[in-house]
Amino acid sequence: MNFPILSSLILLPTVGAFFLFFTRSNKQNNFTVKYVALFTSFVNFLLSIYLWILFDHTTSEFQFVEQRIWIEDFINYKVGVDGISILFILLTTFITPLCILSVNNSIKERLSEFLIAVLIMESFMIGVFCSLDLVIFYLFFEAGLIPMFLIIGIWGGARRVYSAFKFFLYTLLGSVLMLVAIITIYWLTGTTDVIELYSLGIEAKYQNLLWLAFFSSFAVKTPMWPVHTWLPDAHVEAPTAGSVLLAAILLKMAGYGFIRFSLGLFPVASEVFTPLIYTLSVIAIIFTSFIALMQEDMKKLIAYSSVAHMGYVTLGIFTIQQQGIEGSIIQMISHGLVSAALFLCVGVVYDRMHSRLIDTYGGIVNIIPKYSVLFMLFTLAALGLPGTSGFVGEFLILMGAFKDNFLVAVIASIGVIIGAAYMLWLYKRVIFGKLINNDLKKMIDLNRSESIILTSLAIPTLFFGFYPDPLINTIEVSISDLIETYNFRLASKI
Amino acid sequence: MTNLQLVFPEIFLSLSIMFLLILGVFKKNSSKIIQNLSLVVLLVTAVITFNETVGIKEVKLFNNSIIIDYLSSLMKIVTLLATFLALIISSNYLRNFKIFKIEYPILILSSVLGMMIMINSNDLIVFYMGLELQSLALYVLATFNRDQIKSSEAGLKYFVLSALSSGLLLYGCSLIYGFTGSTNFNVIANQLGSSEYAITFGIVFILVGLAFKISAVPFHMWAPDVYEGSPTSVTLFFTMVPKVAALTVFIRFLYVPFLNLIDQWQMIMIFLSIASMLFGAIAAIGQTNLKRLVAYSSIGHVGYALAGVATGTNEGMQSSVIYIIIYILMNLGLFSCLLMMKRENQYYEKIEDLSGLSKNHPMLALSLMIILFSLAGIPPLAGFFAKFYVFKSVIEQSMYFLAIVGLLSTVVAAFYYLRLIKIMYFDKEKEKYDTDHGLWLKFSLTFSTLLILVYFIFPSQLIEVVSRINII
């Protein structure tokens, strides 16, 4: 039990990156570089599976807690996991090796630098999900900007500079207010330790402003309407692996933050601002779904669909119902798998045809059948067909929403229909229809590594669609405890 | 009997300056020896300071006009070490411009002596003497490349404006002397009661003078021109070392005699701080010359350092000291990079010259990127912690406006740092630069980059060193 498993999870990718740093990248050893990175991230994945096996899901206590003095009398380095965070760690360690595997075709130059950035990113993201101290959380949360900025800026598309700047400055602007809030919390309570803060509580009169400060950061990162505009830009310009990281994991940091900090620390304020969140979420669901319907660029379409999906997530979190929050977490995990897969699917055809425009394609079902089947599966998962993980999440969220607010739930349900419309229409236009563009005939079906990546994403999507119990078991107790504390503290006004 | 041991560092330094001057006059072609000897003198002075004064809690000498305490020892050591590094990495640059002369190290040593006296001062007159000694040496240094018009212009501009500010400062001193009957900080502190408002005038004038020396907005106008015009090695010295002494005087002057008048000066300090942060961030966006950009960025950083002083608490003052130390480290790295951008004996200082640096010189670009992210205050680099401590102490005093404006201006500032990174990493490469840099230049770049990078592993050490400062 003394083995510092969480710190190892955080450090291991960085150590891998350190090794890569000393390997000069050239034509011959691109192979070596890639396998070092793949090996590191795969070991990390196994380690996180081991963590999941050891994890005791009958308690909502933080487990595997490590604590070290970092700045004396001020901040402790403290990490730990509970039911809420462990799934995100698994998602991170699962997606990263797939990202690394996918760089075969898309990243032509400076491969080792790219892999270093991806691995360091992984370290930071795992750090976000297991830090139990506000300052440490902020540190990891912000540090992730650096590698992502470089990933978009160096290996991105034509408007990469604009997108990278927009991404960086938007998120930084959102986050600085959170820093003010964190310092204020320290000043009010004398600690930044999350566990201690859970038991101490924060006086009701301060909560509203603090909540808003955290909200400003999470809303940008989620992203919620109307501060979502950086996301389509960043997605479109980022290389495939970057889009995958962004959609699958980065966006989840905010959802996680809402559950862990907004609900956990500021129940009174959360109650006050629930209508705000509902409104913004509903707008995000309906409005961005319509925008997605009109997109001509596949990546942009999926990016807007991400905004809509994250709308469900925020809606579910603030229902403060068991089903709602469970649904949100499952939706985030499922979105992590499905949107990653969709971006990879776009990447596959992009690598062959160098176009992301829907118009370029059409009628490729007979040319690349394997691809068409997998793409179909993920399309259906994205629109929430029963039997895929997307359904479980959306269904639970809507159930939670119906319990809390009928009107909101009805509007959100309409969003499901629009979601089905844009996803199916996308699929129809890309895969079916008449083959007009003759260049498409030369397309080759999935190669081995692409098949491996997409299949390994398809398996959990289907598995958790039919049998979500492992996920629900893991998070159930933590969430019911969270809600209990929430209601208790709401009643006692702290 | 005054204990001369405690001012031994200053005595040693002044004797060395005289010795080196004589040596330089009588021995032909002695610039190399003098450069090396000056480096040794700086190190030895630092060691003496460390040995003689670090353990001392507080001793006042010469009718209480000089104070030796932990703050002064620490700041003197920082000054000496920063000067040592600044001097040692500039020798190649000086040789290149054929200004590798005996006067250069000697002038630097004299200005350091002035700064040490400033840091020690507990009396307006002693403080003024130190200030003028350092300024006079700095005027000459600014014009050191006298064949270039820009360098001469920089020196002249600096001299005229600085003389004006010294005048204001002296006027402030005389007002305070007139109303309290003393120039000694402690005596002034005891004489405040009766004529509070009159003294406020004096404080304002002195603050104006000090703000000029530390280049805080709205007294910053000289900085961009002087920084651009002076030889790069001198700019390096300007951006690092005089700020330490000026900050110390800021702290000492506001905290010792006038802490009870905090209501009078706090607003001024907050204004200086906010204006510098905002102006530094916004004005730097349009710059195309790296040295000018650094000038504006240093104006911004001074704003953050002053924010800590504005709190009027021990924690705030300590956070400012931490800030300035980390700032020096970052600037050292930044200028090491600037000094490395050389091709066939020509130095490049335009922003476009960074273009595609990451392809030609990956390690240099990586270091510069780390330094720039750190200057922008992105965690987990050292620059973030510097800002973090300052804002922590600011928020503890409930000065939310200052904190929020400060943090928002970091976002604006992030833009121009990012622009440099963009040019280095996203743009097309140009011709390669020379790679035969001196050992010390490489060392100082590696040293500062590594410290910035791994600072987050050992954040307590620096805090521990600084937290022993206690002057309230």
# chains A, B, ... in the order shown; residues from 1 in each chain; ligands from 1
>>> interface_residues(of="chain A", to="chain B", cutoff="8 Å", atoms="only C-alpha atoms", output="list in words")
Trp70, Ile71, Glu72, Leu139, Phe140, Glu142, Ala143, Gly153, Ile154, Val161, Phe165, Leu169, Leu172, Leu173, Val176, Leu177, Val180, Ile183, Thr184 and Trp187 of chain A
>>> select_by_dssp(residues="region 358-442 of chain B", states="helix (DSSP H, G or I)", output="PyMOL selection string")
chain B and resi 358-360+362-376+382-396+400-426+439-442
>>> write_last_selection(atoms="C-alpha atoms", output="short mmCIF file (atom, residue, chain, number, x, y, z; two decimals), in the first residue's frame")
data_model
loop_
_atom_site.label_atom_id
_atom_site.label_comp_id
_atom_site.auth_asym_id
_atom_site.auth_seq_id
_atom_site.Cartn_x
_atom_site.Cartn_y
_atom_site.Cartn_z
CA SER B 358 13.50 26.06 -33.16
CA LYS B 359 14.63 24.39 -36.38
CA ASN B 360 18.16 25.74 -36.43
CA PRO B 362 16.45 23.56 -30.94
CA MET B 363 18.07 23.81 -27.52
CA LEU B 364 18.34 27.59 -27.61
CA ALA B 365 14.72 27.85 -28.71
CA LEU B 366 13.58 25.45 -26.03
CA SER B 367 15.34 27.41 -23.30
CA LEU B 368 13.99 30.68 -24.59
CA MET B 369 10.51 29.21 -24.71
CA ILE B 370 10.73 28.06 -21.12
CA ILE B 371 11.95 31.49 -20.07
CA LEU B 372 9.18 33.24 -21.99
CA PHE B 373 6.45 31.03 -20.57
CA SER B 374 7.91 31.71 -17.18
CA LEU B 375 7.90 35.46 -17.79
CA ALA B 376 4.26 35.13 -18.82
CA ALA B 382 9.18 29.86 -11.58
CA GLY B 383 7.52 32.99 -12.93
CA PHE B 384 4.15 31.67 -11.88
CA PHE B 385 5.25 31.28 -8.28
CA ALA B 386 6.65 34.76 -8.22
CA LYS B 387 3.27 36.15 -9.25
CA PHE B 388 1.45 33.71 -7.01
CA TYR B 389 3.24 34.90 -3.86
CA VAL B 390 2.66 38.53 -4.74
CA PHE B 391 -1.03 38.05 -5.37
CA LYS B 392 -1.39 35.93 -2.29
CA SER B 393 -0.11 38.74 -0.13
CA VAL B 394 -2.20 41.26 -2.06
CA ILE B 395 -5.41 39.29 -1.59
CA GLU B 396 -4.67 38.76 2.08
CA TYR B 400 -9.01 42.58 -4.87
CA PHE B 401 -8.98 45.30 -7.48
CA LEU B 402 -5.21 45.26 -7.65
CA ALA B 403 -5.15 41.48 -7.81
CA ILE B 404 -7.73 41.20 -10.56
CA VAL B 405 -6.25 43.96 -12.70
CA GLY B 406 -2.83 42.43 -12.21
CA LEU B 407 -3.93 38.99 -13.24
CA LEU B 408 -5.85 40.28 -16.23
CA SER B 409 -2.79 42.16 -17.39
CA THR B 410 -0.85 38.88 -17.24
CA VAL B 411 -3.25 37.62 -19.88
CA VAL B 412 -2.50 40.64 -22.06
CA ALA B 413 1.20 40.19 -21.43
CA ALA B 414 0.92 36.52 -22.30
CA PHE B 415 0.00 37.64 -25.79
CA TYR B 416 3.33 39.19 -26.65
CA TYR B 417 5.34 36.44 -25.02
CA LEU B 418 3.33 33.98 -27.04
CA ARG B 419 4.04 35.99 -30.15
CA LEU B 420 7.76 35.47 -29.63
CA ILE B 421 7.21 31.76 -29.14
CA LYS B 422 5.08 31.70 -32.24
CA ILE B 423 7.83 33.31 -34.28
CA MET B 424 10.38 30.88 -32.96
CA TYR B 425 8.33 27.75 -33.36
CA PHE B 426 5.72 28.30 -36.01
CA LEU B 439 31.42 28.72 -21.82
CA TRP B 440 29.94 31.19 -19.36
CA LEU B 441 27.20 32.25 -21.71
CA LYS B 442 26.14 28.66 -22.16
#
>>> residues_around(residues="region 129-143 of chain B", least_positions_apart="4", cutoff="10 Å", atoms="only C-alpha atoms", output="PyMOL selection string")
chain B and resi 103-121+124-125+147-160+162-163+166+210+213+226-235+237-238+242+245-246+249
>>> write_last_selection(atoms="C-alpha atoms", output="CSV table (one decimal), in the first residue's frame")
chain,number,residue,atom,x,y,z
B,103,GLU,CA,36.6,51.4,-17.8
B,104,TYR,CA,33.8,49.0,-18.3
B,105,PRO,CA,34.3,46.6,-15.4
B,106,ILE,CA,35.4,49.5,-13.2
B,107,LEU,CA,32.3,51.5,-13.9
B,108,ILE,CA,30.1,48.5,-13.2
B,109,LEU,CA,32.0,48.0,-9.9
B,110,SER,CA,31.4,51.6,-8.9
B,111,SER,CA,27.8,51.5,-9.7
B,112,VAL,CA,27.6,48.3,-7.6
B,113,LEU,CA,29.2,50.2,-4.8
B,114,GLY,CA,26.6,52.9,-5.1
B,115,MET,CA,23.9,50.3,-4.9
B,116,MET,CA,25.4,48.7,-1.9
B,117,ILE,CA,25.3,52.0,-0.1
B,118,MET,CA,21.7,52.6,-1.2
B,119,ILE,CA,20.8,49.2,0.2
B,120,ASN,CA,22.5,49.9,3.5
B,121,SER,CA,21.2,53.4,3.9
B,124,LEU,CA,18.2,60.3,3.3
B,125,ILE,CA,21.6,61.7,2.6
B,147,ASP,CA,30.7,55.7,-31.8
B,148,GLN,CA,27.0,54.8,-32.2
B,149,ILE,CA,24.6,57.6,-32.2
B,150,LYS,CA,21.9,55.6,-30.5
B,151,SER,CA,24.2,54.8,-27.6
B,152,SER,CA,25.1,58.4,-27.1
B,153,GLU,CA,21.5,59.4,-27.3
B,154,ALA,CA,20.5,56.8,-24.8
B,155,GLY,CA,23.1,58.1,-22.3
B,156,LEU,CA,22.2,61.7,-22.8
B,157,LYS,CA,18.5,61.0,-22.4
B,158,TYR,CA,19.1,59.0,-19.4
B,159,PHE,CA,21.3,61.6,-17.9
B,160,VAL,CA,18.9,64.5,-18.4
B,162,SER,CA,17.6,61.1,-14.3
B,163,ALA,CA,19.0,64.4,-13.2
B,166,SER,CA,17.1,63.4,-8.7
B,210,LEU,CA,12.3,56.3,-6.9
B,213,LYS,CA,14.8,54.9,-11.0
B,226,VAL,CA,17.8,53.7,-23.1
B,227,TYR,CA,17.4,50.0,-23.1
B,228,GLU,CA,17.4,50.0,-26.9
B,229,GLY,CA,20.2,52.4,-27.4
B,230,SER,CA,22.7,51.0,-24.8
B,231,PRO,CA,24.9,48.1,-25.7
B,232,THR,CA,23.1,44.9,-25.0
B,233,SER,CA,25.5,43.9,-22.2
B,234,VAL,CA,24.6,47.2,-20.5
B,235,THR,CA,20.9,46.7,-21.0
B,237,PHE,CA,22.8,45.1,-16.4
B,238,PHE,CA,20.2,47.8,-16.4
B,242,PRO,CA,19.6,48.6,-10.3
B,245,ALA,CA,18.7,48.3,-5.1
B,246,ALA,CA,15.7,50.5,-6.0
B,249,VAL,CA,15.1,51.5,-1.0
>>> residues_around(residues="Met317 (chain B)", least_positions_apart="5", cutoff="12 Å", atoms="only C-alpha atoms", output="ChimeraX atom specification")
/B:71,247-252,254-255,304-312,322-324,389-394,466-472
>>> residues_around(residues="Val25 (chain B)", least_positions_apart="3", cutoff="12 Å", atoms="only C-alpha atoms", output="number ranges by chain")
B: 18-22, 28-31, 34, 101-103, 106
>>> write_last_selection(atoms="C-alpha atoms", output="CSV table (one decimal), in the first residue's frame")
chain,number,residue,atom,x,y,z
B,18,MET,CA,40.9,52.3,-6.8
B,19,PHE,CA,43.5,49.6,-7.2
B,20,LEU,CA,42.0,48.4,-10.5
B,21,LEU,CA,41.9,51.9,-11.8
B,22,ILE,CA,45.5,52.5,-11.1
B,28,LYS,CA,49.0,48.7,-21.2
B,29,ASN,CA,46.4,46.4,-22.6
B,30,SER,CA,45.2,45.3,-19.3
B,31,SER,CA,41.5,45.1,-20.0
B,34,ILE,CA,40.9,43.9,-15.1
B,101,LYS,CA,38.1,48.5,-22.2
B,102,ILE,CA,39.3,48.8,-18.7
B,103,GLU,CA,36.6,51.4,-17.8
B,106,ILE,CA,35.4,49.5,-13.2
>>> residues_around(residues="region 333-335 of chain B", least_positions_apart="5", cutoff="7 Å", atoms="only C-alpha atoms", output="PyMOL selection string")
chain B and resi 236+368+371+444-445+448-449
>>> atom_distance(atom1="CA of Glu52 (chain B)", atom2="CA of Phe447 (chain B)")
27.3 Å
>>> select_by_dssp(residues="region 172-394 of chain B", states="strand (DSSP E or B)", output="list in words")
Asn184, Asn289, Lys342, Arg343, Gln346, Tyr347 and Lys350 of chain B
>>> write_last_selection(atoms="N, CA and C atoms", output="PDB file, in the first residue's frame")
ATOM      1  N   ASN B 184      17.379  61.125   9.285  1.00  0.00           N
ATOM      2  CA  ASN B 184      17.497  59.718   9.669  1.00  0.00           C
ATOM      3  C   ASN B 184      16.128  59.051   9.674  1.00  0.00           C
ATOM      4  N   ASN B 289      11.448  45.556 -31.785  1.00  0.00           N
ATOM      5  CA  ASN B 289      12.829  45.368 -31.347  1.00  0.00           C
ATOM      6  C   ASN B 289      12.806  44.626 -30.017  1.00  0.00           C
ATOM      7  N   LYS B 342      23.919  35.735 -32.787  1.00  0.00           N
ATOM      8  CA  LYS B 342      25.017  36.445 -33.422  1.00  0.00           C
ATOM      9  C   LYS B 342      25.401  35.690 -34.675  1.00  0.00           C
ATOM     10  N   ARG B 343      25.659  36.446 -35.740  1.00  0.00           N
ATOM     11  CA  ARG B 343      26.117  35.787 -36.962  1.00  0.00           C
ATOM     12  C   ARG B 343      27.210  36.652 -37.551  1.00  0.00           C
ATOM     13  N   GLN B 346      27.872  40.036 -36.009  1.00  0.00           N
ATOM     14  CA  GLN B 346      26.778  40.987 -35.917  1.00  0.00           C
ATOM     15  C   GLN B 346      25.695  40.399 -35.033  1.00  0.00           C
ATOM     16  N   TYR B 347      25.191  41.253 -34.157  1.00  0.00           N
ATOM     17  CA  TYR B 347      24.155  40.766 -33.253  1.00  0.00           C
ATOM     18  C   TYR B 347      22.797  41.144 -33.796  1.00  0.00           C
ATOM     19  N   LYS B 350      16.124  42.137 -33.670  1.00  0.00           N
ATOM     20  CA  LYS B 350      14.741  42.325 -34.124  1.00  0.00           C
ATOM     21  C   LYS B 350      13.938  41.076 -33.793  1.00  0.00           C
TER      22      LYS B 350
END
>>> atom_distance(atom1="CA of Gly347 (chain A)", atom2="CA of Thr93 (chain A)")
20.8 Å
>>> residues_around(residues="region 15-23 of chain A", least_positions_apart="2", cutoff="9 Å", atoms="only C-alpha atoms", output="ChimeraX atom specification")
/A:11-13,25,29,32-33,36-37,39-41,112-113,115-120
